[in-house]
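Enquirer: Got start_19.cif for you, mmCIF, C-alpha atoms:
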```cif
data_final
loop_
_atom_site.label_atom_id
_atom_site.label_comp_id
_atom_site.auth_asym_id
_atom_site.auth_seq_id
_atom_site.Cartn_x
_atom_site.Cartn_y
_atom_site.Cartn_z
CA MET A 1 -24.47 16.05 22.93
CA SER A 2 -24.42 13.54 20.13
CA ASP A 3 -23.19 16.03 17.52
CA ILE A 4 -19.55 15.93 18.56
CA PHE A 5 -19.64 12.13 18.85
CA LYS A 6 -21.16 11.82 15.38
CA THR A 7 -18.62 14.21 13.89
CA LEU A 8 -15.69 12.38 15.46
CA GLU A 9 -17.14 9.02 14.45
CA GLY A 10 -17.27 10.31 10.88
CA GLN A 11 -13.65 11.39 11.15
CA LEU A 12 -12.63 7.94 12.44
CA ARG A 13 -14.51 6.19 9.63
CA ALA A 14 -13.01 8.44 6.99
CA SER A 15 -9.49 8.01 8.39
CA THR A 16 -9.88 4.23 8.46
CA LEU A 17 -11.06 4.23 4.84
CA ARG A 18 -8.20 6.51 3.81
CA HIS A 19 -5.67 4.26 5.53
CA GLY A 20 -7.04 1.31 3.56
CA VAL A 21 -6.77 3.21 0.28
CA ILE A 22 -3.18 4.28 1.06
CA ALA A 23 -2.35 0.67 1.97
CA SER A 24 -3.71 -0.38 -1.46
CA ASN A 25 -1.49 2.19 -3.16
CA ILE A 26 1.60 1.03 -1.29
CA ALA A 27 0.79 -2.64 -1.95
CA ASN A 28 0.47 -1.92 -5.68
CA VAL A 29 3.58 0.22 -6.02
CA ASP A 30 4.96 -2.17 -8.67
CA THR A 31 1.73 -3.32 -10.32
CA PRO A 32 1.62 -2.29 -13.98
CA GLY A 33 -1.40 -0.19 -14.88
CA TYR A 34 -2.39 0.57 -11.28
CA LYS A 35 -3.52 4.15 -10.61
CA ALA A 36 -3.01 5.72 -7.18
CA ARG A 37 -6.17 6.71 -5.35
CA ASP A 38 -7.01 8.98 -2.49
CA VAL A 39 -10.04 9.72 -0.33
CA LYS A 40 -11.62 13.11 -0.67
CA PHE A 41 -13.32 13.99 2.59
CA ASN A 42 -16.79 15.40 2.19
CA GLU A 43 -17.16 18.44 4.38
CA THR A 44 -20.50 18.20 6.07
CA LEU A 45 -21.79 20.72 8.55
CA ASN A 46 -25.02 20.77 10.42
CA GLU A 47 -27.18 23.62 9.21
CA ALA A 48 -29.06 23.83 12.51
CA THR A 49 -26.03 24.58 14.62
CA ILE A 50 -23.79 26.56 12.28
CA GLU A 51 -25.23 29.23 10.03
CA LEU A 52 -23.15 29.56 6.90
CA ARG A 53 -23.43 32.68 4.83
CA SER A 54 -22.63 32.36 1.17
CA THR A 55 -22.75 34.63 -1.85
CA GLN A 56 -24.33 31.93 -3.99
CA PRO A 57 -27.22 29.72 -2.91
CA GLY A 58 -25.44 26.62 -4.25
CA HIS A 59 -22.31 27.17 -2.17
CA MET A 60 -21.61 25.26 1.03
CA THR A 61 -24.82 23.28 1.12
CA PRO A 62 -24.55 20.72 3.88
CA SER A 63 -25.72 17.26 2.90
CA GLY A 64 -25.68 15.44 6.21
CA GLN A 65 -24.18 15.05 9.62
CA VAL A 66 -21.67 12.25 9.36
CA ALA A 67 -18.58 13.02 7.32
CA GLY A 68 -17.72 10.41 4.77
CA GLY A 69 -15.32 10.21 1.86
CA SER A 70 -15.27 9.46 -1.81
CA VAL A 71 -12.43 7.60 -3.49
CA ASN A 72 -10.88 9.27 -6.51
CA GLU A 73 -8.04 8.34 -8.79
CA ASP A 74 -5.00 10.62 -8.71
CA GLN A 75 -4.40 12.48 -11.96
CA ARG A 76 -0.62 12.41 -11.67
CA ALA A 77 1.49 11.49 -14.68
CA SER A 78 2.46 7.83 -14.79
CA TRP A 79 5.69 6.03 -15.61
CA GLY A 80 6.33 3.66 -18.45
CA ASP A 81 4.28 0.87 -16.85
CA GLN A 82 1.21 3.17 -16.48
CA ASN A 83 1.59 3.12 -12.69
CA ASN A 84 1.57 6.50 -10.93
CA VAL A 85 2.16 5.53 -7.29
CA GLU A 86 4.82 7.62 -5.52
CA LEU A 87 6.00 5.56 -2.57
CA ASP A 88 7.41 8.40 -0.43
CA MET A 89 4.29 10.50 -0.91
CA GLU A 90 2.08 7.62 0.13
CA VAL A 91 4.12 7.03 3.30
CA ALA A 92 3.87 10.75 4.15
CA LYS A 93 0.10 10.68 3.59
CA MET A 94 -0.17 7.61 5.80
CA THR A 95 1.64 9.36 8.68
CA GLU A 96 -0.56 12.45 8.30
CA ASN A 97 -3.69 10.30 8.30
CA ALA A 98 -2.57 8.47 11.45
CA VAL A 99 -2.07 11.81 13.23
CA PHE A 100 -5.63 12.85 12.32
CA PHE A 101 -6.93 9.53 13.57
CA GLN A 102 -5.08 9.98 16.88
CA ALA A 103 -6.43 13.50 17.22
CA ALA A 104 -10.00 12.21 16.78
CA THR A 105 -9.53 9.39 19.32
CA THR A 106 -7.99 11.82 21.82
CA LEU A 107 -10.90 14.24 21.40
CA LEU A 108 -13.41 11.42 21.83
CA SER A 109 -11.64 10.22 24.99
CA LYS A 110 -11.65 13.72 26.43
CA ASN A 111 -15.37 14.09 25.68
CA ILE A 112 -16.13 10.81 27.41
CA GLN A 113 -14.02 11.93 30.36
CA MET A 114 -16.01 15.15 30.57
CA TYR A 115 -19.30 13.27 30.72
CA LYS A 116 -17.86 10.91 33.30
CA ALA A 117 -16.73 13.86 35.40
CA ALA A 118 -20.20 15.39 35.21
CA LEU A 119 -21.83 12.12 36.26
CA ARG A 120 -19.47 11.52 39.16
CA ARG A 121 -20.86 12.27 42.58
CA SER A 122 -18.97 14.96 44.42
CA MET B 123 -14.93 -1.42 4.99
CA ASN B 124 -13.70 -3.86 7.59
CA SER B 125 -10.92 -2.52 9.83
CA PHE B 126 -8.89 -5.67 9.24
CA ASP B 127 -8.89 -5.23 5.45
CA VAL B 128 -5.85 -2.97 5.69
CA LEU B 129 -3.91 -5.76 7.42
CA LYS B 130 -4.90 -8.14 4.61
CA ILE B 131 -3.73 -5.62 2.00
CA SER B 132 -0.35 -5.13 3.68
CA GLY B 133 -0.03 -8.88 4.16
CA SER B 134 -0.66 -9.53 0.47
CA ALA B 135 2.03 -6.96 -0.43
CA LEU B 136 4.53 -8.55 1.95
CA GLU B 137 3.90 -11.97 0.43
CA ALA B 138 4.18 -10.68 -3.15
CA GLN B 139 7.43 -8.79 -2.48
CA ARG B 140 8.91 -11.82 -0.72
CA ARG B 141 8.14 -14.00 -3.72
CA ARG B 142 9.78 -11.39 -5.94
CA MET B 143 12.85 -11.50 -3.67
CA ASN B 144 12.94 -15.32 -4.03
CA VAL B 145 12.96 -15.00 -7.82
CA ILE B 146 15.77 -12.39 -7.68
CA ALA B 147 17.80 -14.66 -5.38
CA SER B 148 17.28 -17.53 -7.81
CA ASN B 149 18.49 -15.36 -10.71
CA LEU B 150 21.63 -14.28 -8.86
CA ALA B 151 22.36 -17.80 -7.62
CA ASN B 152 22.10 -19.21 -11.14
CA ALA B 153 24.11 -16.52 -12.94
CA GLN B 154 26.69 -19.16 -13.94
CA SER B 155 24.42 -22.22 -14.33
CA THR B 156 24.94 -23.83 -17.72
CA ARG B 157 22.78 -26.88 -17.03
CA THR B 158 19.10 -26.98 -16.06
CA GLU B 159 16.43 -29.67 -15.84
CA GLU B 160 14.84 -28.38 -19.07
CA GLY B 161 18.24 -28.44 -20.76
CA GLY B 162 20.41 -25.50 -21.77
CA PRO B 163 21.57 -22.63 -19.57
CA TYR B 164 19.42 -21.07 -16.82
CA LYS B 165 16.95 -18.45 -18.03
CA ARG B 166 16.32 -15.28 -16.05
CA GLN B 167 12.89 -15.07 -14.39
CA ASP B 168 10.73 -12.13 -13.44
CA VAL B 169 7.48 -11.72 -11.51
CA VAL B 170 4.33 -10.03 -12.79
CA PHE B 171 2.21 -8.30 -10.18
CA SER B 172 -1.51 -7.84 -10.46
CA SER B 173 -3.90 -6.05 -8.13
CA MET B 174 -6.75 -8.05 -6.62
CA PRO B 175 -9.84 -6.96 -4.69
CA ILE B 176 -9.61 -7.81 -1.00
CA GLU B 177 -13.36 -8.19 -0.59
CA THR B 178 -16.14 -8.29 -3.13
CA ASN B 179 -18.05 -5.38 -1.59
CA SER B 180 -15.12 -2.98 -1.31
CA VAL B 181 -14.00 -2.12 -4.81
CA GLU B 182 -11.61 0.66 -3.77
CA LEU B 183 -9.33 -1.51 -1.69
CA LYS B 184 -6.94 -3.64 -3.62
CA GLY B 185 -4.29 -6.06 -2.47
CA VAL B 186 -1.58 -7.40 -4.71
CA LYS B 187 -0.60 -10.86 -5.89
CA VAL B 188 2.05 -12.44 -8.06
CA ALA B 189 0.04 -13.19 -11.19
CA ASP B 190 2.82 -15.02 -12.99
CA VAL B 191 6.51 -15.81 -12.98
CA VAL B 192 7.71 -15.29 -16.53
CA THR B 193 10.91 -16.43 -18.19
CA ASP B 194 12.99 -13.79 -19.88
CA GLY B 195 13.28 -14.30 -23.62
CA LYS B 196 16.86 -13.04 -23.83
CA PRO B 197 19.20 -15.43 -25.66
CA PRO B 198 22.11 -16.91 -23.69
CA LYS B 199 25.41 -15.08 -23.81
CA PRO B 200 28.32 -16.96 -25.44
CA VAL B 201 31.51 -16.82 -23.38
CA TYR B 202 34.85 -18.10 -24.71
CA ASP B 203 36.09 -20.75 -22.28
CA PRO B 204 37.49 -23.81 -24.08
CA GLY B 205 38.30 -25.60 -20.82
CA HIS B 206 34.64 -25.65 -19.73
CA PRO B 207 32.93 -29.07 -20.00
CA ASP B 208 29.92 -27.45 -21.74
CA ALA B 209 31.99 -25.61 -24.34
CA ASP B 210 31.07 -26.21 -28.00
CA ALA B 211 33.49 -27.10 -30.81
CA GLU B 212 34.71 -23.47 -31.11
CA GLY B 213 35.25 -23.16 -27.35
CA PHE B 214 32.18 -21.05 -26.54
CA VAL B 215 29.99 -21.75 -23.50
CA GLN B 216 26.36 -20.58 -23.50
CA MET B 217 26.01 -18.65 -20.22
CA PRO B 218 22.78 -17.16 -18.78
CA ASP B 219 22.50 -13.45 -19.64
CA ILE B 220 22.08 -12.15 -16.08
CA ASN B 221 23.07 -8.62 -15.19
CA ALA B 222 23.97 -8.56 -11.49
CA MET B 223 23.46 -4.78 -11.36
CA GLU B 224 19.88 -5.09 -12.66
CA GLU B 225 19.11 -7.81 -10.12
CA MET B 226 20.51 -5.71 -7.27
CA VAL B 227 18.37 -2.73 -8.31
CA ASN B 228 15.30 -4.98 -8.40
CA MET B 229 16.23 -6.32 -4.99
CA MET B 230 16.43 -2.80 -3.53
CA MET B 231 13.05 -1.93 -5.03
CA ALA B 232 11.50 -5.05 -3.52
CA TYR B 233 13.07 -4.23 -0.16
CA ARG B 234 11.76 -0.64 -0.17
CA ALA B 235 8.25 -1.78 -1.09
CA TYR B 236 8.40 -4.43 1.65
CA GLU B 237 9.56 -1.81 4.17
CA ALA B 238 6.69 0.53 3.23
CA SER B 239 4.15 -2.26 3.66
CA VAL B 240 5.56 -3.11 7.10
CA ALA B 241 5.15 0.58 8.03
CA THR B 242 1.53 0.50 6.80
CA TYR B 243 0.86 -2.60 8.86
CA ASN B 244 2.36 -1.08 12.01
CA THR B 245 0.46 2.20 11.59
CA ALA B 246 -2.82 0.30 11.15
CA LYS B 247 -2.06 -1.68 14.29
CA THR B 248 -1.32 1.50 16.27
CA MET B 249 -4.58 3.04 15.05
CA MET B 250 -6.58 -0.03 16.10
CA LEU B 251 -4.97 -0.17 19.54
CA LYS B 252 -5.61 3.54 19.96
CA SER B 253 -9.32 3.10 19.26
CA LEU B 254 -9.44 0.30 21.84
CA GLU B 255 -8.36 2.83 24.46
CA LEU B 256 -11.46 4.98 23.88
CA GLY B 257 -13.34 5.67 27.08
CA ARG B 258 -10.51 4.53 29.31
CA VAL B 259 -9.72 7.20 31.85
#
```
Would it be possible to restate this file's structure as structure tokens?
Expert:
Amino acid sequence: MSDIFKTLEGQLRASTLRHGVIASNIANVDTPGYKARDVKFNETLNEATIELRSTQPGHMTPSGQVAGGSVNEDQRASWGDQNNVELDMEVAKMTENAVFFQAATTLLSKNIQMYKAALRRS
Amino acid sequence: MNSFDVLKISGSALEAQRRRMNVIASNLANAQSTRTEEGGPYKRQDVVFSSMPIETNSVELKGVKVADVVTDGKPPKPVYDPGHPDADAEGFVQMPDINAMEEMVNMMMAYRAYEASVATYNTAKTMMLKSLELGRV
């Protein structure tokens, strides 16, 4: 039961962090020397529920249940002021991230509704 | 990270871009000013942005602030106008060297950055309100 809630919670956390990082990029669009950053989501799968077959033992090793993210600097080329933020790209990323967030909240709501339906007396 | 950090970041960007807009307005307003409190013609000003951490424990998230308002080092532009009260013996007036085109471009850049930060703020607000609806049937 708790697996789906944990997974979606991880998604919400990661989306919130990513939104903060994108907000930083947009805020610093004209700051000299600022480097754009993005969140790389760590794919984590539960070994107990999903068996993953891999050709190499090191591939696809799950590290935990809750998905998190690590913040990395973008390696794009920068302009004369050593700033590599692309405003339109950041706005597009922000919209994409908000859609993922909404998807996670909708899924969570539906899950809660399912449990509520099961608990309701007929 | 705190959910409200993103609002602080967008807020800092809005404030910084508004201050930049004030400086641009001052430059355009004083394009013909030959007298200032410090003496001499008006000198063009520009803002310097610097990123600042929003909270000590979150190093990834950075807001922005106006670190300094600097005065442009460009020399004044002599304009021949013998009838002007500030004209020198040869009839030249020292005018501020302000390029209206450059100021307008800066103004558009400030406006676009401001717009993007407003969009970030609104998206964050929508996300927060959406998470408040969790569990509501």
Enquirer: Report as a VMD selection string the residues that result from applying the PyMOL selection byres ((chain A) within 10 of (chain B)) to the structure here.
Expert: chain A and resid 12 to 13 15 to 34 37 to 39 70 to 73 87 to 88 90 to 91 94 to 95 97 to 99 101 to 102 104 to 113 116
Enquirer: Set the distance at 8 Å and use all atoms listed in the file: which residues neighbour Pro218 of chain B once local chain neighbours fewer than 3 positions away are removed? I'd like the list as a list in words.
Expert: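 Residues meeting the cut-off are Asn152, Ala153, Gln154, Ser155, Thr156, Pro163, Tyr164, Lys165, Arg166, Pro197, Pro198 and Lys199 of chain B.
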Enquirer: Please, what distance in Å, to one decimal, runs between atom CA of Leu251 of chain B and atom CA of Gly10 of chain A?
Expert: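 Value for the atom CA of Leu251 of chain B-atom CA of Gly10 of chain A distance: 18.3 Å.
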Enquirer: Can I get segment 241-252 of chain B with all heavy atoms filled in, as a PDB file, keeping the file's coordinate frame?
Expert:
```pdb
ATOM      1  N   ALA B 241       5.541  -0.680   7.367  1.00  0.00           N
ATOM      2  CA  ALA B 241       5.150   0.580   8.030  1.00  0.00           C
ATOM      3  C   ALA B 241       3.635   0.751   8.015  1.00  0.00           C
ATOM      4  O   ALA B 241       3.042   1.164   9.021  1.00  0.00           O
ATOM      5  CB  ALA B 241       5.827   1.753   7.320  1.00  0.00           C
ATOM      6  N   THR B 242       2.993   0.407   6.888  1.00  0.00           N
ATOM      7  CA  THR B 242       1.530   0.500   6.800  1.00  0.00           C
ATOM      8  C   THR B 242       0.877  -0.410   7.833  1.00  0.00           C
ATOM      9  O   THR B 242      -0.071  -0.021   8.518  1.00  0.00           O
ATOM     10  CB  THR B 242       1.049   0.060   5.411  1.00  0.00           C
ATOM     11  OG1 THR B 242       1.912   0.606   4.443  1.00  0.00           O
ATOM     12  CG2 THR B 242      -0.350   0.512   5.143  1.00  0.00           C
ATOM     13  N   TYR B 243       1.405  -1.617   7.921  1.00  0.00           N
ATOM     14  CA  TYR B 243       0.860  -2.600   8.860  1.00  0.00           C
ATOM     15  C   TYR B 243       0.963  -2.083  10.290  1.00  0.00           C
ATOM     16  O   TYR B 243       0.001  -2.114  11.050  1.00  0.00           O
ATOM     17  CB  TYR B 243       1.640  -3.912   8.704  1.00  0.00           C
ATOM     18  CG  TYR B 243       0.992  -5.100   9.359  1.00  0.00           C
ATOM     19  CD1 TYR B 243       0.230  -5.983   8.615  1.00  0.00           C
ATOM     20  CD2 TYR B 243       1.154  -5.336  10.709  1.00  0.00           C
ATOM     21  CE1 TYR B 243      -0.374  -7.079   9.209  1.00  0.00           C
ATOM     22  CE2 TYR B 243       0.556  -6.421  11.307  1.00  0.00           C
ATOM     23  CZ  TYR B 243      -0.206  -7.292  10.560  1.00  0.00           C
ATOM     24  OH  TYR B 243      -0.799  -8.363  11.152  1.00  0.00           O
ATOM     25  N   ASN B 244       2.147  -1.554  10.639  1.00  0.00           N
ATOM     26  CA  ASN B 244       2.360  -1.080  12.010  1.00  0.00           C
ATOM     27  C   ASN B 244       1.474   0.118  12.323  1.00  0.00           C
ATOM     28  O   ASN B 244       0.938   0.214  13.431  1.00  0.00           O
ATOM     29  CB  ASN B 244       3.828  -0.706  12.211  1.00  0.00           C
ATOM     30  CG  ASN B 244       4.678  -1.946  12.417  1.00  0.00           C
ATOM     31  OD1 ASN B 244       4.180  -2.966  12.871  1.00  0.00           O
ATOM     32  ND2 ASN B 244       5.945  -1.859  12.079  1.00  0.00           N
ATOM     33  N   THR B 245       1.319   1.032  11.345  1.00  0.00           N
ATOM     34  CA  THR B 245       0.460   2.200  11.590  1.00  0.00           C
ATOM     35  C   THR B 245      -0.978   1.754  11.808  1.00  0.00           C
ATOM     36  O   THR B 245      -1.665   2.260  12.706  1.00  0.00           O
ATOM     37  CB  THR B 245       0.541   3.161  10.395  1.00  0.00           C
ATOM     38  OG1 THR B 245       1.911   3.398  10.112  1.00  0.00           O
ATOM     39  CG2 THR B 245      -0.135   4.469  10.695  1.00  0.00           C
ATOM     40  N   ALA B 246      -1.448   0.799  11.006  1.00  0.00           N
ATOM     41  CA  ALA B 246      -2.820   0.300  11.150  1.00  0.00           C
ATOM     42  C   ALA B 246      -2.999  -0.316  12.543  1.00  0.00           C
ATOM     43  O   ALA B 246      -4.024  -0.108  13.200  1.00  0.00           O
ATOM     44  CB  ALA B 246      -3.115  -0.718  10.078  1.00  0.00           C
ATOM     45  N   LYS B 247      -1.980  -1.042  12.977  1.00  0.00           N
ATOM     46  CA  LYS B 247      -2.060  -1.680  14.290  1.00  0.00           C
ATOM     47  C   LYS B 247      -2.133  -0.625  15.397  1.00  0.00           C
ATOM     48  O   LYS B 247      -2.940  -0.740  16.322  1.00  0.00           O
ATOM     49  CB  LYS B 247      -0.831  -2.581  14.504  1.00  0.00           C
ATOM     50  CG  LYS B 247      -1.018  -3.600  15.591  1.00  0.00           C
ATOM     51  CD  LYS B 247       0.233  -4.391  15.841  1.00  0.00           C
ATOM     52  CE  LYS B 247       1.176  -3.610  16.741  1.00  0.00           C
ATOM     53  NZ  LYS B 247       2.454  -4.318  16.972  1.00  0.00           N
ATOM     54  N   THR B 248      -1.302   0.428  15.272  1.00  0.00           N
ATOM     55  CA  THR B 248      -1.320   1.500  16.270  1.00  0.00           C
ATOM     56  C   THR B 248      -2.687   2.168  16.319  1.00  0.00           C
ATOM     57  O   THR B 248      -3.216   2.453  17.398  1.00  0.00           O
ATOM     58  CB  THR B 248      -0.248   2.553  15.926  1.00  0.00           C
ATOM     59  OG1 THR B 248       0.959   1.872  15.623  1.00  0.00           O
ATOM     60  CG2 THR B 248      -0.012   3.499  17.079  1.00  0.00           C
ATOM     61  N   MET B 249      -3.273   2.401  15.110  1.00  0.00           N
ATOM     62  CA  MET B 249      -4.580   3.040  15.050  1.00  0.00           C
ATOM     63  C   MET B 249      -5.642   2.185  15.739  1.00  0.00           C
ATOM     64  O   MET B 249      -6.473   2.678  16.493  1.00  0.00           O
ATOM     65  CB  MET B 249      -4.975   3.302  13.591  1.00  0.00           C
ATOM     66  CG  MET B 249      -4.327   4.542  13.006  1.00  0.00           C
ATOM     67  SD  MET B 249      -4.378   4.590  11.210  1.00  0.00           S
ATOM     68  CE  MET B 249      -6.096   4.915  10.898  1.00  0.00           C
ATOM     69  N   MET B 250      -5.596   0.876  15.485  1.00  0.00           N
ATOM     70  CA  MET B 250      -6.580  -0.030  16.100  1.00  0.00           C
ATOM     71  C   MET B 250      -6.439  -0.042  17.613  1.00  0.00           C
ATOM     72  O   MET B 250      -7.435   0.014  18.337  1.00  0.00           O
ATOM     73  CB  MET B 250      -6.380  -1.440  15.564  1.00  0.00           C
ATOM     74  CG  MET B 250      -6.908  -1.622  14.179  1.00  0.00           C
ATOM     75  SD  MET B 250      -6.494  -3.270  13.626  1.00  0.00           S
ATOM     76  CE  MET B 250      -7.116  -3.172  11.986  1.00  0.00           C
ATOM     77  N   LEU B 251      -5.182  -0.129  18.089  1.00  0.00           N
ATOM     78  CA  LEU B 251      -4.970  -0.170  19.540  1.00  0.00           C
ATOM     79  C   LEU B 251      -5.420   1.130  20.175  1.00  0.00           C
ATOM     80  O   LEU B 251      -5.951   1.138  21.279  1.00  0.00           O
ATOM     81  CB  LEU B 251      -3.492  -0.442  19.838  1.00  0.00           C
ATOM     82  CG  LEU B 251      -3.010  -1.848  19.479  1.00  0.00           C
ATOM     83  CD1 LEU B 251      -1.524  -1.986  19.749  1.00  0.00           C
ATOM     84  CD2 LEU B 251      -3.767  -2.904  20.278  1.00  0.00           C
ATOM     85  N   LYS B 252      -5.207   2.233  19.441  1.00  0.00           N
ATOM     86  CA  LYS B 252      -5.610   3.540  19.960  1.00  0.00           C
ATOM     87  C   LYS B 252      -7.135   3.597  20.122  1.00  0.00           C
ATOM     88  O   LYS B 252      -7.639   4.115  21.108  1.00  0.00           O
ATOM     89  CB  LYS B 252      -5.142   4.616  18.970  1.00  0.00           C
ATOM     90  CG  LYS B 252      -5.037   5.992  19.551  1.00  0.00           C
ATOM     91  CD  LYS B 252      -3.779   6.153  20.370  1.00  0.00           C
ATOM     92  CE  LYS B 252      -3.880   7.390  21.230  1.00  0.00           C
ATOM     93  NZ  LYS B 252      -2.901   7.381  22.302  1.00  0.00           N
TER      94      LYS B 252
END
```
